[in-house]
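Note sheet for the following structure.
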There are 2 protein chains.
Amino acid sequence: MAVNLTAPKILLPVTGIRLGTAEAGIRRRDRKDLVVIACEPPVNAAAVFTRNRFCAAPVRIARRHLSQTEVRALLINTGYANAGTDPYGEADAEACIKVLAEHLSCPPQRILPFSTGIIGERLPIDRITQAIPDCLKALKEEAWSDAAAGIMTTDTVAKGCSRQVSIGRKTVTLTGIAKGAGMIRPDMATMLAFIATDAAIDPTLAQACLQEAVTDSFNRITVDGDTSTNDACVLLTSGRAANPPIIDRDDPSYAIFADSLTEVCTHLAQSVVRDGEGATKFITIEVTGADSERSAQTVAYTVAHSPLVKTAFTASDPNWGRILAAVGRAPITNLNLDKLEIFFDDLCIIRRGMMAEEYTEAKGKEVMQQAEITVRIRLGTGEVGVTVWTCDLSHDYVSINADYRS
Amino acid sequence: MAVNLTAPKILLPVTGIRLGTAEAGIRRRDRKDLVVIACEPPVNAAAVFTRNRFCAAPVRIARRHLSQTEVRALLINTGYANAGTDPYGEADAEACIKVLAEHLSCPPQRILPFSTGIIGERLPIDRITQAIPDCLKALKEEAWSDAAAGIMTTDTVAKGCSRQVSIGRKTVTLTGIAKGAGMIRPDMATMLAFIATDAAIDPTLAQACLQEAVTDSFNRITVDGDTSTNDACVLLTSGRAANPPIIDRDDPSYAIFADSLTEVCTHLAQSVVRDGEGATKFITIEVTGADSERSAQTVAYTVAHSPLVKTAFTASDPNWGRILAAVGRAPITNLNLDKLEIFFDDLCIIRRGMMAEEYTEAKGKEVMQQAEITVRIRLGTGEVGVTVWTCDLSHDYVSINADYRS
């Protein structure tokens, strides 16, 4: 029951990037579970990976390969995450890669592996390698929607997004897909995003640009997601748009490109929250007037993670005491109660640390019944702000996670 | 459905401390909701309060009064927390105190107020003050069990504990009661504990002793509890046991007293977890071999707070990947995967960062079906350890918190 989310109608092809999806029967039959994204000729890639110290075998391999050479293909499987599988995990992933490299006549270092699914069980190498030819047969530039469906696990809706902008009089396309059915799911581990662009951009600048876009998007959905064992976001840059290469941060083209990339990442990140496990509400937590980004983030995440705040949203209950208590216990040093203001959308609840006179339970209830709600928290101690997206905590969340492996 | 918890059979009287409970009809009829604990003559009191910056009006008053004089009585109400009620909260609490002070012919500064219940609604002063004479009529030293029931809100079981020890050939008694139906409930805000002893002990030493006991007990049940708006733990010391006063930390009597106090606090704290909202399992998270207390705590709380770990316990699912992922994302600097070991009770799951050979799903399932489970995490980077108690996350938790005010 995703919140205001439908599968993308059109995902624009990116010149030089082809996608092929197949049914390998990795964990279940009759579902697309293997995707190859092929880049010909090889392209530069930027990437951001999980910071979890138990990062999965494919994450370690992808990071290593990325530092060595350009990328000829990505090999993505669902079903098993190949995490918690040491000492076998890396050899299993390499066995899969090797077969794809032989088909493509390239060194295995030009392949990046990605896995998502159950932690702690080994990859079925045979089923994966046997399906690789099916993926290669299916390769085409127009196949982004198939790939978006092929990387889903417990996602209920395929997630993708395209943008086109003009850079140096050339049309540049960015298309991305993502999977992740919730912020908090290390064992369907977890969030993968693959974005491609035909923009010509310096590889070092592309990496910085992706890092910044991720900070403002995927790292702004609640935390467990961005620290699972397999999280990855990859940006492939084919350069085939033939725009004058973007080589400098001060180039006006850079801002255009960076904004588009952030838009794509934000759309994908919000899609993950909208399809959050058991989600019935899409909640924006907007903290402003903080003395530092760290303070703003700490307050936003303390509210966003509070099980009591989340269950109040599920109940459409304007129980602002729970938000007040969460702000009050946020571990920041500079909290001035006399300046604090809290709003549900535009409805003021707390002004200068006290109940706003115009607030009534009926007005609160009205806002809370919406499917999308913004909680605005103004700290009044500085000029810094941050926005975080999250969802509520419903019975379905417990059902999904307490019944998942049974 | 509390986990292995029944109401205390016998709570021992403490000389000089009398308790009286009445039905004031504060929020609901036909339930004991007002308690007076009277100390005659006035006694020294130690106390530890919430660190939530939105602390309730009664907390601010109690803290102020405690710094001024000895304690003649505590006035405790359930139903409303008198938090988020500024600018009225302090005056409302003082109006109640004033009436009790007149009855007892003492200055109002000798009364400490405590409130627990809904945030954001004002105290019904009339109903409280009209019931004070009933509390006073009921005062007796043997009434601890009535008081334990009188401070309950959504608790399903009354919580109390007594210990007797010999200090300087005198029998010293400690008796305590607590309320709190879960760790995470700022709007039934939240945890109150009242402990009395007839031991003679220096007030400054008593305060330090309580602080240390709380650190190892109430501050070791998962975090939201110890940072709600109203949390308080009070230790009344009547000195009537006539033991040689404990005035020095190096006095062997101090260790005896401190151990007993820690035992009482630990019993009460664990009772709160056992009666946690929707709890079906009592979980001990034991982290050892850390390089600092902070690292040990960070790992323990990251695991204890993970909704995924909690729902796995609800399902009796030995989904150790969720624990691994939580340890891996714990924000500590010194995590050596090659040394990490994880156990369910005595069953080794992870050894030197890898799956233990002797582990099987069947063995894991067997442990997970118990009502009480210890997760042992050995970091292997130092000598420091910490133990934290928590419970699982069930459908009932969501029901209780999503339906609470409706």
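Naming works like this for the structure tokens: A, B, ... for the chains as they're shown, residue 1 at the start of each chain, ligands 1 onward in shown order.
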Find the residues of chain A that sit at most 8 Å from chain B; for each, write down the nearest two atoms and how far apart they are in Å, to one decimal. Count only C-alpha atoms. Sort by chain, then by number going up, and give it as JSON lines.
{"residue": "A:Arg51", "atom": "CA", "partner": "B:Arg329", "partner_atom": "CA", "distance": 7.1}
{"residue": "A:Asn52", "atom": "CA", "partner": "B:Arg329", "partner_atom": "CA", "distance": 4.7}
{"residue": "A:Arg53", "atom": "CA", "partner": "B:Gly328", "partner_atom": "CA", "distance": 4.7}
{"residue": "A:Phe54", "atom": "CA", "partner": "B:Gly328", "partner_atom": "CA", "distance": 5.1}
{"residue": "A:Cys55", "atom": "CA", "partner": "B:Gly328", "partner_atom": "CA", "distance": 8.0}
{"residue": "A:Gly84", "atom": "CA", "partner": "B:Gly321", "partner_atom": "CA", "distance": 6.9}
{"residue": "A:Thr85", "atom": "CA", "partner": "B:Met354", "partner_atom": "CA", "distance": 7.4}
{"residue": "A:Asp86", "atom": "CA", "partner": "B:Met354", "partner_atom": "CA", "distance": 5.7}
{"residue": "A:Pro87", "atom": "CA", "partner": "B:Met354", "partner_atom": "CA", "distance": 7.0}
{"residue": "A:Ile119", "atom": "CA", "partner": "B:Gly321", "partner_atom": "CA", "distance": 5.6}
{"residue": "A:Gly120", "atom": "CA", "partner": "B:Gly321", "partner_atom": "CA", "distance": 6.4}
{"residue": "A:Ile184", "atom": "CA", "partner": "B:Leu308", "partner_atom": "CA", "distance": 7.3}
{"residue": "A:Arg185", "atom": "CA", "partner": "B:Leu308", "partner_atom": "CA", "distance": 7.0}
{"residue": "A:Pro186", "atom": "CA", "partner": "B:Ala325", "partner_atom": "CA", "distance": 6.2}
{"residue": "A:Asp187", "atom": "CA", "partner": "B:Arg322", "partner_atom": "CA", "distance": 6.1}
{"residue": "A:Thr227", "atom": "CA", "partner": "B:Arg329", "partner_atom": "CA", "distance": 5.8}
{"residue": "A:Ser228", "atom": "CA", "partner": "B:Ala325", "partner_atom": "CA", "distance": 6.4}
{"residue": "A:Thr229", "atom": "CA", "partner": "B:Ala325", "partner_atom": "CA", "distance": 6.4}
{"residue": "A:Pro307", "atom": "CA", "partner": "B:Ile184", "partner_atom": "CA", "distance": 7.8}
{"residue": "A:Leu308", "atom": "CA", "partner": "B:Asn401", "partner_atom": "CA", "distance": 6.6}
{"residue": "A:Thr311", "atom": "CA", "partner": "B:Ala402", "partner_atom": "CA", "distance": 4.8}
{"residue": "A:Ala312", "atom": "CA", "partner": "B:Ala402", "partner_atom": "CA", "distance": 5.4}
{"residue": "A:Phe313", "atom": "CA", "partner": "B:Ala402", "partner_atom": "CA", "distance": 7.9}
{"residue": "A:Thr314", "atom": "CA", "partner": "B:Ala402", "partner_atom": "CA", "distance": 6.3}
{"residue": "A:Ala315", "atom": "CA", "partner": "B:Ala402", "partner_atom": "CA", "distance": 4.9}
{"residue": "A:Asp317", "atom": "CA", "partner": "B:Arg405", "partner_atom": "CA", "distance": 7.5}
{"residue": "A:Gly321", "atom": "CA", "partner": "B:Ile119", "partner_atom": "CA", "distance": 5.6}
{"residue": "A:Arg322", "atom": "CA", "partner": "B:Asp187", "partner_atom": "CA", "distance": 6.1}
{"residue": "A:Leu324", "atom": "CA", "partner": "B:Phe54", "partner_atom": "CA", "distance": 7.3}
{"residue": "A:Ala325", "atom": "CA", "partner": "B:Pro186", "partner_atom": "CA", "distance": 6.2}
{"residue": "A:Gly328", "atom": "CA", "partner": "B:Arg53", "partner_atom": "CA", "distance": 4.7}
{"residue": "A:Arg329", "atom": "CA", "partner": "B:Asn52", "partner_atom": "CA", "distance": 4.7}
{"residue": "A:Leu335", "atom": "CA", "partner": "B:Arg53", "partner_atom": "CA", "distance": 7.9}
{"residue": "A:Leu337", "atom": "CA", "partner": "B:Phe54", "partner_atom": "CA", "distance": 7.6}
{"residue": "A:Met354", "atom": "CA", "partner": "B:Asp86", "partner_atom": "CA", "distance": 5.7}
{"residue": "A:Met355", "atom": "CA", "partner": "B:Gly84", "partner_atom": "CA", "distance": 7.4}
{"residue": "A:Leu393", "atom": "CA", "partner": "B:Val398", "partner_atom": "CA", "distance": 7.6}
{"residue": "A:Ser394", "atom": "CA", "partner": "B:Val398", "partner_atom": "CA", "distance": 6.6}
{"residue": "A:His395", "atom": "CA", "partner": "B:His395", "partner_atom": "CA", "distance": 5.9}
{"residue": "A:Val398", "atom": "CA", "partner": "B:His395", "partner_atom": "CA", "distance": 6.2}
{"residue": "A:Ser399", "atom": "CA", "partner": "B:His395", "partner_atom": "CA", "distance": 7.6}
{"residue": "A:Asn401", "atom": "CA", "partner": "B:Thr311", "partner_atom": "CA", "distance": 5.9}
{"residue": "A:Ala402", "atom": "CA", "partner": "B:Thr311", "partner_atom": "CA", "distance": 4.8}
{"residue": "A:Asp403", "atom": "CA", "partner": "B:Ala315", "partner_atom": "CA", "distance": 6.4}
{"residue": "A:Arg405", "atom": "CA", "partner": "B:Asp317", "partner_atom": "CA", "distance": 7.4}
{"residue": "A:Ser406", "atom": "CA", "partner": "B:Asp317", "partner_atom": "CA", "distance": 7.6}
According to DSSP computed on the backbone, where in range 157-303 of chain A is there strand (DSSP E or B)? Give the residues as a CSV table (one decimal) with all heavy atoms, in the first residue's frame.
chain,number,residue,atom,x,y,z
A,159,LYS,N,10.4,1.5,-9.1
A,159,LYS,CA,10.7,2.9,-8.9
A,159,LYS,C,11.7,3.4,-9.9
A,159,LYS,O,12.8,2.7,-10.1
A,159,LYS,CB,11.4,3.0,-7.5
A,159,LYS,CG,10.5,2.6,-6.4
A,159,LYS,CD,11.2,2.4,-5.1
A,159,LYS,CE,10.2,1.8,-4.0
A,159,LYS,NZ,9.8,0.4,-4.3
A,160,GLY,N,11.4,4.5,-10.6
A,160,GLY,CA,12.3,5.0,-11.5
A,160,GLY,C,12.0,6.5,-11.9
A,160,GLY,O,10.9,7.0,-11.5
A,161,CYS,N,12.9,7.1,-12.6
A,161,CYS,CA,12.7,8.6,-12.8
A,161,CYS,C,13.7,9.0,-13.9
A,161,CYS,O,14.8,8.5,-14.0
A,161,CYS,CB,13.1,9.3,-11.5
A,161,CYS,SG,13.1,11.0,-11.5
A,162,SER,N,13.2,9.9,-14.8
A,162,SER,CA,14.1,10.5,-15.8
A,162,SER,C,14.0,12.0,-15.8
A,162,SER,O,13.0,12.6,-15.4
A,162,SER,CB,13.6,10.0,-17.2
A,162,SER,OG,13.9,8.7,-17.4
A,163,ARG,N,15.1,12.6,-16.2
A,163,ARG,CA,15.1,14.1,-16.4
A,163,ARG,C,15.9,14.4,-17.6
A,163,ARG,O,16.9,13.7,-17.9
A,163,ARG,CB,15.8,14.8,-15.2
A,163,ARG,CG,15.1,14.8,-13.9
A,163,ARG,CD,13.9,15.8,-13.9
A,163,ARG,NE,13.3,15.9,-12.7
A,163,ARG,CZ,12.3,15.1,-12.2
A,163,ARG,NH1,12.0,14.1,-13.0
A,163,ARG,NH2,11.7,15.2,-11.1
A,164,GLN,N,15.5,15.4,-18.3
A,164,GLN,CA,16.3,15.9,-19.5
A,164,GLN,C,16.6,17.4,-19.3
A,164,GLN,O,15.7,18.1,-18.9
A,164,GLN,CB,15.6,15.7,-20.8
A,164,GLN,CG,15.8,14.2,-21.3
A,164,GLN,CD,15.3,14.0,-22.7
A,164,GLN,OE1,14.3,14.6,-23.1
A,164,GLN,NE2,15.9,13.1,-23.4
A,165,VAL,N,17.8,17.8,-19.5
A,165,VAL,CA,18.2,19.2,-19.4
A,165,VAL,C,19.1,19.5,-20.6
A,165,VAL,O,19.6,18.6,-21.2
A,165,VAL,CB,19.0,19.5,-18.1
A,165,VAL,CG1,18.0,19.5,-16.9
A,165,VAL,CG2,20.1,18.6,-17.9
A,166,SER,N,19.2,20.8,-20.8
A,166,SER,CA,20.0,21.2,-21.9
A,166,SER,C,21.4,21.7,-21.4
A,166,SER,O,21.4,22.6,-20.5
A,166,SER,CB,19.3,22.3,-22.7
A,166,SER,OG,20.1,22.8,-23.8
A,167,ILE,N,22.5,21.1,-21.9
A,167,ILE,CA,23.8,21.6,-21.4
A,167,ILE,C,24.6,21.8,-22.7
A,167,ILE,O,24.8,21.0,-23.5
A,167,ILE,CB,24.5,20.5,-20.5
A,167,ILE,CG1,23.7,20.4,-19.2
A,167,ILE,CG2,25.9,20.8,-20.3
A,167,ILE,CD1,24.3,19.4,-18.2
A,170,LYS,N,23.1,20.9,-26.0
A,170,LYS,CA,22.9,19.4,-26.2
A,170,LYS,C,21.9,19.0,-25.1
A,170,LYS,O,21.9,19.4,-24.0
A,170,LYS,CB,24.2,18.6,-26.0
A,170,LYS,CG,25.2,19.0,-27.0
A,170,LYS,CD,24.9,18.5,-28.4
A,170,LYS,CE,26.1,18.9,-29.3
A,170,LYS,NZ,25.8,18.5,-30.7
A,171,THR,N,21.0,18.1,-25.5
A,171,THR,CA,20.1,17.5,-24.6
A,171,THR,C,20.8,16.4,-23.8
A,171,THR,O,21.3,15.4,-24.4
A,171,THR,CB,18.8,16.9,-25.3
A,171,THR,OG1,18.2,18.0,-25.9
A,171,THR,CG2,17.9,16.3,-24.3
A,172,VAL,N,20.7,16.5,-22.5
A,172,VAL,CA,21.4,15.5,-21.7
A,172,VAL,C,20.3,14.8,-20.9
A,172,VAL,O,19.3,15.4,-20.4
A,172,VAL,CB,22.3,16.2,-20.7
A,172,VAL,CG1,22.6,15.3,-19.5
A,172,VAL,CG2,23.6,16.6,-21.4
A,173,THR,N,20.4,13.4,-20.9
A,173,THR,CA,19.4,12.6,-20.2
A,173,THR,C,19.9,12.0,-18.9
A,173,THR,O,21.1,11.6,-18.9
A,173,THR,CB,18.9,11.5,-21.1
A,173,THR,OG1,18.4,12.1,-22.3
A,173,THR,CG2,17.8,10.7,-20.5
A,174,LEU,N,19.1,12.0,-17.9
A,174,LEU,CA,19.5,11.2,-16.7
A,174,LEU,C,18.3,10.3,-16.4
A,174,LEU,O,17.2,10.7,-16.3
A,174,LEU,CB,19.7,12.1,-15.4
A,174,LEU,CG,20.8,13.1,-15.4
A,174,LEU,CD1,20.3,14.5,-15.8
A,174,LEU,CD2,21.5,13.1,-14.0
A,175,THR,N,18.6,9.0,-16.3
A,175,THR,CA,17.5,8.0,-15.9
A,175,THR,C,18.1,7.2,-14.8
A,175,THR,O,19.2,6.7,-14.8
A,175,THR,CB,17.1,7.2,-17.1
A,175,THR,OG1,16.5,8.0,-18.1
A,175,THR,CG2,16.2,6.1,-16.7
A,176,GLY,N,17.2,7.0,-13.8
A,176,GLY,CA,17.6,6.1,-12.6
A,176,GLY,C,16.5,5.2,-12.2
A,176,GLY,O,15.3,5.5,-12.4
A,177,ILE,N,16.9,4.1,-11.6
A,177,ILE,CA,16.0,3.2,-11.0
A,177,ILE,C,16.5,2.8,-9.6
A,177,ILE,O,17.7,3.0,-9.3
A,177,ILE,CB,15.8,1.9,-11.8
A,177,ILE,CG1,17.2,1.2,-12.0
A,177,ILE,CG2,15.2,2.1,-13.2
A,177,ILE,CD1,17.1,-0.2,-12.7
A,178,ALA,N,15.6,2.4,-8.7
A,178,ALA,CA,16.0,2.1,-7.4
A,178,ALA,C,15.1,1.0,-6.8
A,178,ALA,O,14.0,0.8,-7.3
A,178,ALA,CB,15.9,3.3,-6.4
A,179,LYS,N,15.6,0.3,-5.8
A,179,LYS,CA,14.8,-0.7,-5.1
A,179,LYS,C,15.0,-0.5,-3.6
A,179,LYS,O,16.0,0.1,-3.2
A,179,LYS,CB,15.1,-2.2,-5.5
A,179,LYS,CG,16.5,-2.6,-5.1
A,179,LYS,CD,16.7,-3.5,-3.9
A,179,LYS,CE,15.6,-4.0,-3.2
A,179,LYS,NZ,16.1,-4.7,-1.9
A,192,LEU,N,19.2,-0.2,-3.4
A,192,LEU,CA,20.1,-0.1,-4.6
A,192,LEU,C,19.6,0.9,-5.5
A,192,LEU,O,18.3,1.0,-5.7
A,192,LEU,CB,20.2,-1.5,-5.3
A,192,LEU,CG,20.8,-2.6,-4.5
A,192,LEU,CD1,20.8,-3.9,-5.4
A,192,LEU,CD2,22.3,-2.3,-4.1
A,193,ALA,N,20.4,1.8,-6.1
A,193,ALA,CA,20.0,2.7,-7.1
A,193,ALA,C,21.0,2.7,-8.2
A,193,ALA,O,22.2,2.8,-7.9
A,193,ALA,CB,19.9,4.1,-6.5
A,194,PHE,N,20.5,2.7,-9.4
A,194,PHE,CA,21.4,2.8,-10.6
A,194,PHE,C,20.9,3.9,-11.5
A,194,PHE,O,19.8,3.9,-11.9
A,194,PHE,CB,21.4,1.4,-11.3
A,194,PHE,CG,21.7,0.3,-10.5
A,194,PHE,CD1,20.7,-0.5,-9.9
A,194,PHE,CD2,23.0,0.0,-10.1
A,194,PHE,CE1,21.0,-1.6,-9.1
A,194,PHE,CE2,23.3,-1.0,-9.2
A,194,PHE,CZ,22.3,-1.9,-8.7
A,195,ILE,N,21.8,4.8,-11.7
A,195,ILE,CA,21.5,6.0,-12.5
A,195,ILE,C,22.5,6.1,-13.7
A,195,ILE,O,23.7,5.8,-13.5
A,195,ILE,CB,21.6,7.3,-11.6
A,195,ILE,CG1,20.7,7.1,-10.4
A,195,ILE,CG2,21.2,8.5,-12.4
A,195,ILE,CD1,21.0,8.1,-9.3
A,196,ALA,N,22.0,6.4,-14.8
A,196,ALA,CA,22.9,6.6,-16.0
A,196,ALA,C,22.6,7.9,-16.6
A,196,ALA,O,21.5,8.5,-16.6
A,196,ALA,CB,22.7,5.5,-17.0
A,197,THR,N,23.7,8.5,-17.2
A,197,THR,CA,23.5,9.8,-17.9
A,197,THR,C,24.5,9.7,-19.1
A,197,THR,O,25.5,9.1,-19.1
A,197,THR,CB,23.8,11.0,-17.1
A,197,THR,OG1,23.6,12.2,-17.9
A,197,THR,CG2,25.2,11.0,-16.5
A,201,ILE,N,31.1,14.4,-18.3
A,201,ILE,CA,31.5,15.0,-17.1
A,201,ILE,C,32.8,14.4,-16.6
A,201,ILE,O,32.9,13.1,-16.7
A,201,ILE,CB,30.4,15.0,-16.0
A,201,ILE,CG1,30.8,15.7,-14.7
A,201,ILE,CG2,29.9,13.6,-15.8
A,201,ILE,CD1,29.7,16.0,-13.8
A,221,ILE,N,16.5,9.9,4.1
A,221,ILE,CA,15.4,9.0,4.4
A,221,ILE,C,15.9,8.2,5.6
A,221,ILE,O,17.1,8.0,5.8
A,221,ILE,CB,15.0,8.1,3.3
A,221,ILE,CG1,16.1,7.2,2.7
A,221,ILE,CG2,14.4,9.0,2.2
A,221,ILE,CD1,15.6,6.3,1.5
A,232,ALA,N,23.9,0.7,-2.2
A,232,ALA,CA,24.8,1.2,-3.2
A,232,ALA,C,24.0,2.1,-4.1
A,232,ALA,O,22.8,1.9,-4.4
A,232,ALA,CB,25.5,0.2,-4.0
A,233,CYS,N,24.6,3.2,-4.5
A,233,CYS,CA,24.1,4.1,-5.5
A,233,CYS,C,25.2,4.3,-6.6
A,233,CYS,O,26.3,4.8,-6.2
A,233,CYS,CB,23.6,5.4,-4.9
A,233,CYS,SG,23.0,6.6,-6.1
A,234,VAL,N,24.9,4.0,-7.8
A,234,VAL,CA,25.9,4.1,-8.9
A,234,VAL,C,25.4,5.0,-9.9
A,234,VAL,O,24.3,5.1,-10.3
A,234,VAL,CB,26.1,2.7,-9.5
A,234,VAL,CG1,27.1,2.7,-10.7
A,234,VAL,CG2,26.6,1.7,-8.5
A,235,LEU,N,26.4,5.8,-10.4
A,235,LEU,CA,26.1,6.7,-11.5
A,235,LEU,C,27.0,6.4,-12.7
A,235,LEU,O,28.2,6.5,-12.6
A,235,LEU,CB,26.4,8.2,-11.1
A,235,LEU,CG,26.3,9.3,-12.2
A,235,LEU,CD1,24.9,9.4,-12.8
A,235,LEU,CD2,26.8,10.6,-11.7
A,236,LEU,N,26.4,6.0,-13.8
A,236,LEU,CA,27.2,5.6,-15.0
A,236,LEU,C,27.2,6.8,-16.0
A,236,LEU,O,26.1,7.4,-16.2
A,236,LEU,CB,26.6,4.4,-15.7
A,236,LEU,CG,26.4,3.1,-14.9
A,236,LEU,CD1,25.5,2.1,-15.6
A,236,LEU,CD2,27.8,2.6,-14.6
A,237,THR,N,28.3,7.2,-16.5
A,237,THR,CA,28.3,8.4,-17.3
A,237,THR,C,28.9,8.1,-18.7
A,237,THR,O,30.1,7.9,-18.8
A,237,THR,CB,29.2,9.5,-16.7
A,237,THR,OG1,30.5,9.0,-16.4
A,237,THR,CG2,28.6,10.1,-15.4
A,246,ILE,N,31.8,18.7,-18.7
A,246,ILE,CA,31.8,19.5,-17.5
A,246,ILE,C,33.0,19.2,-16.7
A,246,ILE,O,33.1,18.0,-16.3
A,246,ILE,CB,30.5,19.2,-16.7
A,246,ILE,CG1,29.2,19.3,-17.6
A,246,ILE,CG2,30.4,20.1,-15.5
A,246,ILE,CD1,28.0,18.8,-17.0
A,282,PHE,N,3.2,9.5,4.3
A,282,PHE,CA,4.5,10.0,3.9
A,282,PHE,C,4.7,11.3,4.7
A,282,PHE,O,4.0,12.3,4.6
A,282,PHE,CB,4.5,10.3,2.4
A,282,PHE,CG,5.7,10.9,1.8
A,282,PHE,CD1,6.8,10.1,1.6
A,282,PHE,CD2,5.9,12.2,1.6
A,282,PHE,CE1,8.0,10.6,1.1
A,282,PHE,CE2,7.1,12.8,1.1
A,282,PHE,CZ,8.1,11.9,0.9
A,283,ILE,N,5.8,11.2,5.5
A,283,ILE,CA,6.0,12.3,6.5
A,283,ILE,C,7.3,13.0,6.1
A,283,ILE,O,8.3,12.4,6.0
A,283,ILE,CB,6.1,11.7,7.9
A,283,ILE,CG1,5.0,10.8,8.3
A,283,ILE,CG2,6.2,12.9,8.9
A,283,ILE,CD1,3.6,11.4,8.3
A,284,THR,N,7.2,14.4,6.1
A,284,THR,CA,8.4,15.2,5.9
A,284,THR,C,8.7,15.9,7.2
A,284,THR,O,7.8,16.5,7.8
A,284,THR,CB,8.1,16.3,4.8
A,284,THR,OG1,7.7,15.6,3.6
A,284,THR,CG2,9.3,17.2,4.6
A,285,ILE,N,9.9,15.7,7.7
A,285,ILE,CA,10.3,16.4,8.9
A,285,ILE,C,11.3,17.5,8.5
A,285,ILE,O,12.3,17.2,8.0
A,285,ILE,CB,11.1,15.4,9.9
A,285,ILE,CG1,10.3,14.1,10.1
A,285,ILE,CG2,11.4,16.2,11.2
A,285,ILE,CD1,9.2,14.1,11.0
A,286,GLU,N,10.8,18.7,8.7
A,286,GLU,CA,11.6,19.9,8.2
A,286,GLU,C,12.1,20.7,9.5
A,286,GLU,O,11.3,21.3,10.2
A,286,GLU,CB,10.6,20.7,7.4
A,286,GLU,CG,11.2,21.9,6.7
A,286,GLU,CD,10.1,22.7,6.0
A,286,GLU,OE1,9.5,22.3,5.1
A,286,GLU,OE2,9.9,23.8,6.6
A,287,VAL,N,13.4,20.6,9.7
A,287,VAL,CA,13.9,21.3,10.9
A,287,VAL,C,14.6,22.6,10.3
A,287,VAL,O,15.5,22.5,9.4
A,287,VAL,CB,14.9,20.4,11.7
A,287,VAL,CG1,15.6,21.2,12.8
A,287,VAL,CG2,14.2,19.2,12.2
A,288,THR,N,14.3,23.7,10.9
A,288,THR,CA,15.0,25.0,10.4
A,288,THR,C,15.5,25.7,11.7
A,288,THR,O,15.1,25.4,12.8
A,288,THR,CB,14.1,25.9,9.6
A,288,THR,OG1,12.9,26.1,10.4
A,288,THR,CG2,13.7,25.2,8.3
A,289,GLY,N,16.3,26.8,11.4
A,289,GLY,CA,16.7,27.6,12.5
A,289,GLY,C,17.7,26.9,13.5
A,289,GLY,O,17.8,27.3,14.7
A,290,ALA,N,18.4,25.9,13.0
A,290,ALA,CA,19.4,25.2,13.9
A,290,ALA,C,20.7,26.0,13.8
A,290,ALA,O,21.0,26.7,12.9
A,290,ALA,CB,19.6,23.8,13.4
Nearby residues (only C-alpha atoms) at most 10 Å from Thr21 in chain B, same-chain spacing under 5 positions excluded, as JSON, numbers by chain | {"B": [32, 33, 34, 35, 36, 37, 76, 77, 131, 132, 134, 135, 136, 137, 138, 139, 140, 143, 144, 145, 146, 147, 148, 149, 150, 151]}
Excluding same-chain residues fewer than 2 positions from Thr6 in chain A, what lies within 10 Å of it counting only C-alpha atoms, as a compact mmCIF listing (two decimals) with C-alpha atoms, in the first residue's frame?
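Output file result.txt follows:
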# COMPACT_ATOMS: atom_id res chain seq x y z
CA ALA A 2 2.46 2.62 -1.21
CA VAL A 3 1.64 6.27 -0.43
CA ASN A 4 0.94 8.21 -3.63
CA PRO A 8 7.05 5.29 -13.74
CA LYS A 9 5.24 5.55 -17.07
CA THR A 156 5.28 -3.21 -4.14
CA VAL A 157 5.89 -0.63 -6.89
CA ALA A 158 8.77 -0.32 -9.39
CA LYS A 159 10.74 2.89 -8.88
CA GLY A 160 12.32 5.03 -11.54
CA SER A 271 9.79 6.58 -3.69
CA ARG A 274 6.45 5.97 -0.07
CA ASP A 275 6.77 2.22 -0.57
Write out as a PyMOL selection string which residues come within 9 Å of range 100-103 of chain A when counting only C-alpha atoms, dropping same-chain ones fewer than 4 positions away.
-> chain A and resi 72-73+75+96+107-111+129+132-133+136
Would you kindly return, as a count of residues only, each protein, DNA or RNA residue with an atom no farther than 8 Å from any atom of Leu347 in chain A, considering only C-alpha atoms and excluding same-chain residues fewer than 6 positions away?
-> 3
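Interatomic distance, CA of Gly25 in chain A to CA of Lys98 in chain A: 19.7 Å.
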Every residue of range 196-264 of chain B that DSSP places in alpha helix (DSSP H), as a list of chain:residue names | B:Pro203, B:Thr204, B:Leu205, B:Ala206, B:Gln207, B:Ala208, B:Cys209, B:Leu210, B:Gln211, B:Glu212, B:Ala213, B:Val214, B:Thr215, B:Pro252, B:Ser253, B:Tyr254, B:Ala255, B:Ile256, B:Phe257, B:Ala258, B:Asp259, B:Ser260, B:Leu261, B:Thr262, B:Glu263, B:Val264
Distance CA of Ala208 in chain A-CA of Phe49 in chain A, one decimal place?
-> 13.5 Å
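Distance annotation: of B:Met191, B:Val388, B:Ala47, B:Leu19, the residue with the minimal separation from Val303 in chain B is B:Val388; atom set is only C-alpha atoms.
If only C-alpha atoms are the atoms counted, then among A:Ala269, A:Arg64, A:Met152, A:Glu142 the closest residue to Pro113 in chain A is A:Arg64.
Separating CA of Asp92 in chain A from CA of Cys39 in chain A is a distance of 23.3 Å.
Non-sequential neighbours of Leu340 in chain A (distance at most 8 Å, separation of 5 or more positions within a chain, only C-alpha atoms) are Ile350, Arg351, Arg352, Gly353, Ile377, Arg378, Leu379 and Gly380 of chain A.
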